[in-house]
Amino acid sequence: MVEGVTSIVFAQVVKVEKRTAVVRIIYFFGLFALLISFRNPLISVTIDHLIALLALLLVVGYSIILLVLIGRNSFHERLGHLSNALDAIGAGAFFGLFLVFPAEGIRDLALVLAEIYFFVPIVISSAKVKPSHAISSAVFSFGFSGVVIVLHLLINGSSSRMGYPVYIPGVVLLSGIAMWVTTLTFDRLLREHMVTEDLARSSRRLRMAMEIVQISVMNLGEFVNNLDRISNILSSGAHNQAKSIEHIATSAENLKAAMGGHHGIHEPFHQLDQTDRGCFQPRESDHAANDR
């Protein structure tokens, strides 16, 4: 059965959210491990560890709840926007922590990994084929990365020492706009070219109607052929009847003519018979003479 576009898009969103939840858990555990390796909490527990732990618990806890909801078929599409917000919050927290660390060891790698996750929700929105998710991911990533940059500038007071990370919010915004246009194009193409349930039903009805029309045309052609054959039979019968009538009329004329000729031959013989009877019949004068 061919599903509608809305059902297909929703199923795609659920599938992407399920996979993203697993990736989110692994990714943020990796970021937390990098922070612990950079600053060992066994030596000194700082506010950085508390912020990182809260961000990890928030993101991982939400991902587990999301997986449970998907498993129970209770997932709602609006939760996708909440996922974008929490992704931006978690990425912003680790981005800010790694940004204040001194540029040594694996700090640069950790910073790059945190920056990359600002783009992850934006890229994933294209797989969801939902323009609204592309917008929300771009807004949240731009907003939280911008907040981190502003706070860092307020604390340090100089952007020259920050380097390229100062451009991250702008790059995130441009990437979000580009991905929104791409997702909008995908969504339009999907709705224009996808065979939906309504279109499939209409196609089946049209095919059935065409078959009925074809059968009706064939029956009509057969009926016309039968009418033509019946017309030929009736015409032949009428022609034969006309010939029969003509033959009967000719026979009647011949019979009449024959009967007329026979009557003309017997009339003279009848007159002759009367004459003969007159010749041989005795006259009255002869009878009177004999009496005398």
# chains A, B, ... in the order shown; residues from 1 in each chain; ligands from 1

call {"tool": "residues_around", "arguments": {"residues": "stretch 129-146 of chain A", "least_positions_apart": "4", "cutoff": "8 Å", "atoms": "only C-alpha atoms", "output": "PyMOL selection string"}}
result
chain A and resi 9+12-13+80-81+84-85+88-89+92+95+118-119+121-122+125+150+168-170+172-173+175-177+179-181+183-184+186-187

call {"tool": "write_last_selection", "arguments": {"atoms": "C-alpha atoms", "output": "PDB file, in the first residue's frame"}}
result
ATOM      1  CA  VAL A   9       8.058  12.153   6.101  1.00  0.00           C
ATOM      2  CA  GLN A  12      11.673   9.338   8.072  1.00  0.00           C
ATOM      3  CA  VAL A  13      11.808  11.786  11.005  1.00  0.00           C
ATOM      4  CA  GLY A  80      12.535  16.946  16.810  1.00  0.00           C
ATOM      5  CA  HIS A  81      12.777  20.684  17.548  1.00  0.00           C
ATOM      6  CA  ASN A  84      17.802  20.438  17.989  1.00  0.00           C
ATOM      7  CA  ALA A  85      17.690  22.703  21.049  1.00  0.00           C
ATOM      8  CA  ALA A  88      22.850  23.083  20.551  1.00  0.00           C
ATOM      9  CA  ILE A  89      22.916  23.374  24.358  1.00  0.00           C
ATOM     10  CA  GLY A  92      27.599  25.042  23.348  1.00  0.00           C
ATOM     11  CA  PHE A  95      32.452  24.414  23.134  1.00  0.00           C
ATOM     12  CA  PHE A 118      26.861  22.618  15.946  1.00  0.00           C
ATOM     13  CA  PHE A 119      26.553  21.504  12.328  1.00  0.00           C
ATOM     14  CA  PRO A 121      21.633  18.936  13.646  1.00  0.00           C
ATOM     15  CA  ILE A 122      21.699  21.147  10.546  1.00  0.00           C
ATOM     16  CA  SER A 125      17.644  18.095   9.094  1.00  0.00           C
ATOM     17  CA  VAL A 150      29.865  36.758  23.301  1.00  0.00           C
ATOM     18  CA  ILE A 168      31.592  29.843  14.000  1.00  0.00           C
ATOM     19  CA  PRO A 169      28.169  31.499  14.544  1.00  0.00           C
ATOM     20  CA  GLY A 170      28.266  33.125  11.112  1.00  0.00           C
ATOM     21  CA  VAL A 172      26.557  28.033  11.280  1.00  0.00           C
ATOM     22  CA  LEU A 173      23.953  30.571  10.142  1.00  0.00           C
ATOM     23  CA  SER A 175      25.033  26.556   6.672  1.00  0.00           C
ATOM     24  CA  GLY A 176      21.548  26.602   8.170  1.00  0.00           C
ATOM     25  CA  ILE A 177      20.207  28.827   5.399  1.00  0.00           C
ATOM     26  CA  MET A 179      20.406  23.473   4.318  1.00  0.00           C
ATOM     27  CA  TRP A 180      16.958  25.057   4.683  1.00  0.00           C
ATOM     28  CA  VAL A 181      16.881  25.824   0.950  1.00  0.00           C
ATOM     29  CA  THR A 183      15.465  20.705   2.467  1.00  0.00           C
ATOM     30  CA  LEU A 184      12.743  22.900   1.007  1.00  0.00           C
ATOM     31  CA  PHE A 186      13.686  18.067  -1.385  1.00  0.00           C
ATOM     32  CA  ASP A 187      10.289  18.483   0.241  1.00  0.00           C
TER      33      ASP A 187
END

call {"tool": "residues_around", "arguments": {"residues": "A:Ala110", "least_positions_apart": "6", "cutoff": "12 Å", "atoms": "only C-alpha atoms", "output": "VMD selection string"}}
result
chain A and resid 27 to 28 30 to 38 91 94 to 104 116 to 117

call {"tool": "write_last_selection", "arguments": {"atoms": "N, CA and C atoms", "output": "short mmCIF file (atom, residue, chain, number, x, y, z; two decimals), in the first residue's frame"}}
result
data_model
loop_
_atom_site.label_atom_id
_atom_site.label_comp_id
_atom_site.auth_asym_id
_atom_site.auth_seq_id
_atom_site.Cartn_x
_atom_site.Cartn_y
_atom_site.Cartn_z
N TYR A 27 28.58 10.38 21.11
CA TYR A 27 29.38 11.58 20.82
C TYR A 27 29.65 12.37 22.10
N PHE A 28 28.62 12.57 22.91
CA PHE A 28 28.81 13.39 24.11
C PHE A 28 29.59 12.63 25.18
N GLY A 30 32.04 10.82 24.36
CA GLY A 30 33.39 11.07 23.88
C GLY A 30 33.90 12.45 24.27
N LEU A 31 33.05 13.46 24.15
CA LEU A 31 33.45 14.82 24.55
C LEU A 31 33.73 14.88 26.06
N PHE A 32 32.90 14.20 26.83
CA PHE A 32 33.12 14.19 28.29
C PHE A 32 34.43 13.48 28.63
N ALA A 33 34.73 12.40 27.89
CA ALA A 33 35.98 11.69 28.14
C ALA A 33 37.18 12.57 27.80
N LEU A 34 37.09 13.36 26.73
CA LEU A 34 38.17 14.28 26.39
C LEU A 34 38.37 15.34 27.47
N LEU A 35 37.27 15.82 28.03
CA LEU A 35 37.39 16.84 29.08
C LEU A 35 38.04 16.25 30.32
N ILE A 36 37.65 15.02 30.67
CA ILE A 36 38.23 14.38 31.85
C ILE A 36 39.72 14.11 31.62
N SER A 37 40.08 13.70 30.40
CA SER A 37 41.49 13.44 30.12
C SER A 37 42.30 14.73 30.15
N PHE A 38 41.67 15.83 29.83
CA PHE A 38 42.37 17.11 29.85
C PHE A 38 42.48 17.64 31.28
N ALA A 91 26.35 21.07 22.70
CA ALA A 91 27.53 21.51 21.93
C ALA A 91 28.06 22.83 22.45
N PHE A 94 30.12 22.27 25.87
CA PHE A 94 31.47 21.75 25.68
C PHE A 94 32.32 22.71 24.86
N PHE A 95 31.70 23.43 23.92
CA PHE A 95 32.45 24.41 23.13
C PHE A 95 32.99 25.51 24.04
N GLY A 96 32.16 25.98 24.95
CA GLY A 96 32.63 27.02 25.87
C GLY A 96 33.71 26.51 26.82
N LEU A 97 33.58 25.28 27.30
CA LEU A 97 34.59 24.72 28.21
C LEU A 97 35.92 24.54 27.51
N PHE A 98 35.90 23.96 26.32
CA PHE A 98 37.16 23.75 25.60
C PHE A 98 37.77 25.06 25.12
N LEU A 99 36.92 26.08 24.94
CA LEU A 99 37.43 27.35 24.43
C LEU A 99 38.29 28.07 25.47
N VAL A 100 37.97 27.87 26.75
CA VAL A 100 38.74 28.55 27.81
C VAL A 100 39.96 27.76 28.23
N PHE A 101 40.06 26.51 27.74
CA PHE A 101 41.23 25.73 28.08
C PHE A 101 42.45 26.29 27.35
N PRO A 102 43.60 26.14 27.93
CA PRO A 102 44.82 26.58 27.23
C PRO A 102 45.07 25.73 25.98
N ALA A 103 45.63 26.35 24.97
CA ALA A 103 45.85 25.68 23.68
C ALA A 103 47.03 24.74 23.79
N GLU A 104 46.80 23.57 24.36
CA GLU A 104 47.84 22.58 24.49
C GLU A 104 47.22 21.18 24.52
N ILE A 116 32.06 20.95 15.57
CA ILE A 116 31.41 20.14 14.54
C ILE A 116 29.98 19.82 14.92
N TYR A 117 29.75 19.61 16.22
CA TYR A 117 28.40 19.19 16.61
C TYR A 117 27.37 20.31 16.44
#

call {"tool": "atom_distance", "arguments": {"atom1": "atom CA of A:Ile8", "atom2": "atom CA of A:Asp87"}}
result
24.6 Å

call {"tool": "closest_residue", "arguments": {"among": "A:Ile155, A:Arg205, A:Leu67, A:Leu50", "to": "A:Arg24", "atoms": "only C-alpha atoms"}}
result
A:Leu67

call {"tool": "select_by_dssp", "arguments": {"residues": "stretch 44-188 of chain A", "states": "helix (DSSP H, G or I)", "output": "PyMOL selection string"}}
result
chain A and resi 47-71+79-100+107-128+131-156+164-188
